[in-house]
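Undergrad: Pasting model36.cif here (mmCIF, N, CA and C atoms):
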data_structure
loop_
_atom_site.label_atom_id
_atom_site.label_comp_id
_atom_site.auth_asym_id
_atom_site.auth_seq_id
_atom_site.Cartn_x
_atom_site.Cartn_y
_atom_site.Cartn_z
N MET A 58 0.84 -1.18 0.00
CA MET A 58 0.00 0.00 0.00
C MET A 58 0.89 1.24 0.00
N THR A 59 0.29 2.38 -0.14
CA THR A 59 1.06 3.62 -0.13
C THR A 59 1.34 4.05 1.30
N LEU A 60 2.36 4.87 1.46
CA LEU A 60 2.70 5.38 2.79
C LEU A 60 1.57 6.21 3.36
N GLY A 61 0.96 7.04 2.52
CA GLY A 61 -0.15 7.88 2.99
C GLY A 61 -1.28 7.06 3.59
N LYS A 62 -1.62 5.95 2.96
CA LYS A 62 -2.69 5.08 3.47
C LYS A 62 -2.26 4.39 4.76
N ALA A 63 -1.03 3.89 4.81
CA ALA A 63 -0.54 3.17 5.99
C ALA A 63 -0.36 4.09 7.19
N ALA A 64 -0.14 5.38 6.94
CA ALA A 64 0.16 6.33 8.01
C ALA A 64 -1.08 6.93 8.67
N VAL A 65 -2.26 6.66 8.16
CA VAL A 65 -3.48 7.22 8.72
C VAL A 65 -3.61 6.81 10.19
N GLY A 66 -3.76 7.79 11.05
CA GLY A 66 -3.93 7.54 12.48
C GLY A 66 -2.64 7.25 13.22
N VAL A 67 -1.49 7.29 12.51
CA VAL A 67 -0.20 6.98 13.13
C VAL A 67 0.72 8.20 13.14
N VAL A 68 0.76 8.93 12.04
CA VAL A 68 1.67 10.06 11.88
C VAL A 68 0.93 11.36 12.19
N TYR A 69 1.48 12.13 13.11
CA TYR A 69 0.89 13.40 13.51
C TYR A 69 1.93 14.51 13.42
N ALA A 70 1.46 15.74 13.28
CA ALA A 70 2.36 16.89 13.28
C ALA A 70 3.03 16.98 14.65
N GLY A 71 4.22 17.51 14.68
CA GLY A 71 4.93 17.67 15.94
C GLY A 71 6.20 16.85 16.02
N GLY A 72 6.38 15.98 15.08
CA GLY A 72 7.63 15.23 15.01
C GLY A 72 7.60 13.90 15.72
N GLY A 73 8.47 13.03 15.25
CA GLY A 73 8.60 11.71 15.84
C GLY A 73 9.50 10.84 15.00
N THR A 74 9.73 9.64 15.49
CA THR A 74 10.50 8.64 14.78
C THR A 74 9.53 7.56 14.35
N TYR A 75 9.61 7.17 13.08
CA TYR A 75 8.66 6.22 12.52
C TYR A 75 9.36 5.06 11.86
N ASN A 76 8.87 3.86 12.14
CA ASN A 76 9.33 2.66 11.46
C ASN A 76 8.39 2.40 10.29
N ILE A 77 8.97 2.10 9.14
CA ILE A 77 8.18 1.75 7.97
C ILE A 77 8.56 0.34 7.57
N GLY A 78 7.59 -0.56 7.61
CA GLY A 78 7.79 -1.92 7.15
C GLY A 78 7.40 -1.99 5.68
N PHE A 79 8.19 -2.67 4.88
CA PHE A 79 7.91 -2.73 3.45
C PHE A 79 8.44 -4.03 2.86
N ASN A 80 7.98 -4.36 1.67
CA ASN A 80 8.43 -5.55 0.93
C ASN A 80 8.32 -6.83 1.75
N ASP A 81 7.29 -6.96 2.56
CA ASP A 81 7.05 -8.19 3.33
C ASP A 81 8.24 -8.64 4.16
N GLY A 82 8.80 -7.74 4.96
CA GLY A 82 9.86 -8.16 5.87
C GLY A 82 10.99 -7.17 6.07
N ASP A 83 11.12 -6.19 5.20
CA ASP A 83 12.15 -5.16 5.38
C ASP A 83 11.59 -4.03 6.24
N GLU A 84 12.48 -3.28 6.87
CA GLU A 84 12.06 -2.15 7.69
C GLU A 84 13.12 -1.06 7.65
N THR A 85 12.65 0.17 7.68
CA THR A 85 13.55 1.32 7.79
C THR A 85 12.94 2.30 8.78
N GLN A 86 13.72 3.30 9.18
CA GLN A 86 13.26 4.25 10.20
C GLN A 86 13.64 5.66 9.79
N PHE A 87 12.71 6.58 10.00
CA PHE A 87 12.94 8.00 9.70
C PHE A 87 12.45 8.86 10.85
N ASP A 88 13.13 9.99 11.05
CA ASP A 88 12.65 11.06 11.93
C ASP A 88 11.97 12.07 11.03
N ALA A 89 10.76 12.47 11.38
CA ALA A 89 10.02 13.42 10.56
C ALA A 89 9.12 14.28 11.44
N CYS A 90 8.90 15.52 11.00
CA CYS A 90 8.06 16.46 11.74
C CYS A 90 6.57 16.28 11.44
N ASN A 91 6.26 15.72 10.25
CA ASN A 91 4.86 15.55 9.85
C ASN A 91 4.81 14.54 8.69
N LEU A 92 3.62 14.28 8.20
CA LEU A 92 3.45 13.30 7.14
C LEU A 92 4.17 13.74 5.86
N GLN A 93 4.11 15.00 5.53
CA GLN A 93 4.78 15.49 4.32
C GLN A 93 6.28 15.19 4.36
N GLU A 94 6.91 15.48 5.48
CA GLU A 94 8.35 15.22 5.59
C GLU A 94 8.64 13.72 5.55
N LEU A 95 7.79 12.91 6.16
CA LEU A 95 7.97 11.46 6.12
C LEU A 95 7.83 10.95 4.69
N LEU A 96 6.86 11.47 3.96
CA LEU A 96 6.70 11.10 2.55
C LEU A 96 7.93 11.45 1.72
N GLU A 97 8.48 12.63 1.94
CA GLU A 97 9.69 13.04 1.22
C GLU A 97 10.84 12.10 1.50
N CYS A 98 11.03 11.73 2.76
CA CYS A 98 12.09 10.79 3.13
C CYS A 98 11.87 9.44 2.46
N TRP A 99 10.64 8.96 2.48
CA TRP A 99 10.31 7.66 1.91
C TRP A 99 10.54 7.64 0.40
N ILE A 100 10.08 8.66 -0.29
CA ILE A 100 10.24 8.72 -1.75
C ILE A 100 11.72 8.75 -2.12
N GLU A 101 12.50 9.53 -1.41
CA GLU A 101 13.95 9.61 -1.67
C GLU A 101 14.62 8.25 -1.39
N PHE A 102 14.25 7.63 -0.27
CA PHE A 102 14.79 6.32 0.09
C PHE A 102 14.48 5.29 -1.00
N CYS A 103 13.25 5.27 -1.46
CA CYS A 103 12.85 4.31 -2.50
C CYS A 103 13.60 4.57 -3.80
N ALA A 104 13.76 5.82 -4.19
CA ALA A 104 14.48 6.16 -5.41
C ALA A 104 15.94 5.73 -5.34
N GLU A 105 16.56 5.95 -4.20
CA GLU A 105 17.98 5.59 -4.04
C GLU A 105 18.21 4.09 -4.02
N ASN A 106 17.21 3.33 -3.56
CA ASN A 106 17.39 1.89 -3.38
C ASN A 106 16.60 1.02 -4.36
N GLY A 107 15.88 1.63 -5.27
CA GLY A 107 15.16 0.89 -6.30
C GLY A 107 13.90 0.18 -5.80
N PHE A 108 13.27 0.71 -4.75
CA PHE A 108 12.03 0.12 -4.22
C PHE A 108 10.83 0.86 -4.78
N GLN A 109 9.71 0.18 -4.84
CA GLN A 109 8.45 0.79 -5.23
C GLN A 109 7.90 1.58 -4.04
N THR A 110 7.37 2.76 -4.27
CA THR A 110 6.85 3.58 -3.18
C THR A 110 5.56 3.01 -2.60
N ASN A 111 4.90 2.12 -3.33
CA ASN A 111 3.65 1.53 -2.84
C ASN A 111 3.86 0.15 -2.21
N SER A 112 5.07 -0.08 -1.68
CA SER A 112 5.40 -1.39 -1.09
C SER A 112 5.32 -1.38 0.44
N VAL A 113 4.62 -0.40 1.02
CA VAL A 113 4.55 -0.26 2.48
C VAL A 113 3.60 -1.31 3.08
N ASP A 114 4.07 -1.98 4.12
CA ASP A 114 3.25 -2.94 4.86
C ASP A 114 2.63 -2.29 6.09
N TYR A 115 3.40 -1.42 6.76
CA TYR A 115 2.91 -0.75 7.97
C TYR A 115 3.77 0.46 8.30
N VAL A 116 3.21 1.35 9.11
CA VAL A 116 3.93 2.48 9.69
C VAL A 116 3.61 2.46 11.18
N GLU A 117 4.64 2.59 12.00
CA GLU A 117 4.43 2.66 13.45
C GLU A 117 5.34 3.71 14.04
N ARG A 118 4.86 4.33 15.09
CA ARG A 118 5.67 5.32 15.80
C ARG A 118 6.63 4.57 16.71
N ALA A 119 7.91 4.92 16.64
CA ALA A 119 8.94 4.23 17.44
C ALA A 119 8.99 4.80 18.84
#
For the structure just supplied, provide its representation as structure tokens.
TA:
Amino acid sequence: MTLGKAAVGVVYAGGGTYNIGFNDGDETQFDACNLQELLECWIEFCAENGFQTNSVDYVERA
């Protein structure tokens, strides 16, 4: 699924550290102030590593 869909009810303004599970078993972590910043980090990460941006399994606050 997309990050935006997975982040509903999890990502809030004000900042935090978020774990993103993707590709059925991989995980990465980002610090972000809001959903927009988290999306920017995710898109850049996917572009650098050749992942699809719609490969998100879950988002959780660390």
Undergrad: Starting from the shown file, work through the PyMOL selection byres ((chain A and resi 60-63) around 6.5) and note down what comes out as a list in words.
TA: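 Evaluating the PyMOL selection byres ((chain A and resi 60-63) around 6.5) on these coordinates yields Met58, Thr59, Ala64, Val65, Gly66, Val67, Thr110, Asn111, Ser112, Val113, Asp114, Tyr115 and Val116 of chain A.
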Undergrad: For Cys90 in chain A, which residue out of A:Phe108, A:Tyr75, A:Tyr69, A:Phe102 is the nearest one, using only N, CA and C atoms?
TA: A:Tyr69
Undergrad: Tell me, which residues of chain A carry DSSP strand (DSSP E), written as JSON, numbers by chain?
TA: {"A": [73, 74, 75, 76, 77, 78, 79, 83, 84, 85, 86, 87, 88, 89, 113, 114, 115, 116, 117, 118]}
Undergrad: Starting from the PyMOL selection byres (((chain A and resi 98 and name CA) around 12) and name CA), expand the selection into actual residues of this file and give them as a ChimeraX atom specification.
TA: /A:60,74-77,85-97,99-105,110
Undergrad: Select from chain A everything DSSP, run on the backbone, classes as alpha helix (DSSP H), then give the selection as a ChimeraX atom specification.
TA: /A:60-63,92-106
Undergrad: Just the number, please: distance in Å from CA of Ala70 in chain A to atom N of Glu117 in chain A, one decimal.
TA: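 Taking CA of Ala70 in chain A and atom N of Glu117 in chain A, their separation equals 14.5 Å.
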Undergrad: Atom C of Ala119 in chain A and CA of Gly71 in chain A, how far apart in Å?
TA: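 According to the coordinates, CA of Gly71 in chain A and atom C of Ala119 in chain A are separated by 13.8 Å.
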Undergrad: Go ahead and compute the interatomic distance for atom N of Asn106 in chain A and atom N of Gly72 in chain A, in Å to one decimal.
TA: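 Taking atom N of Asn106 in chain A and atom N of Gly72 in chain A, their separation equals 25.0 Å.
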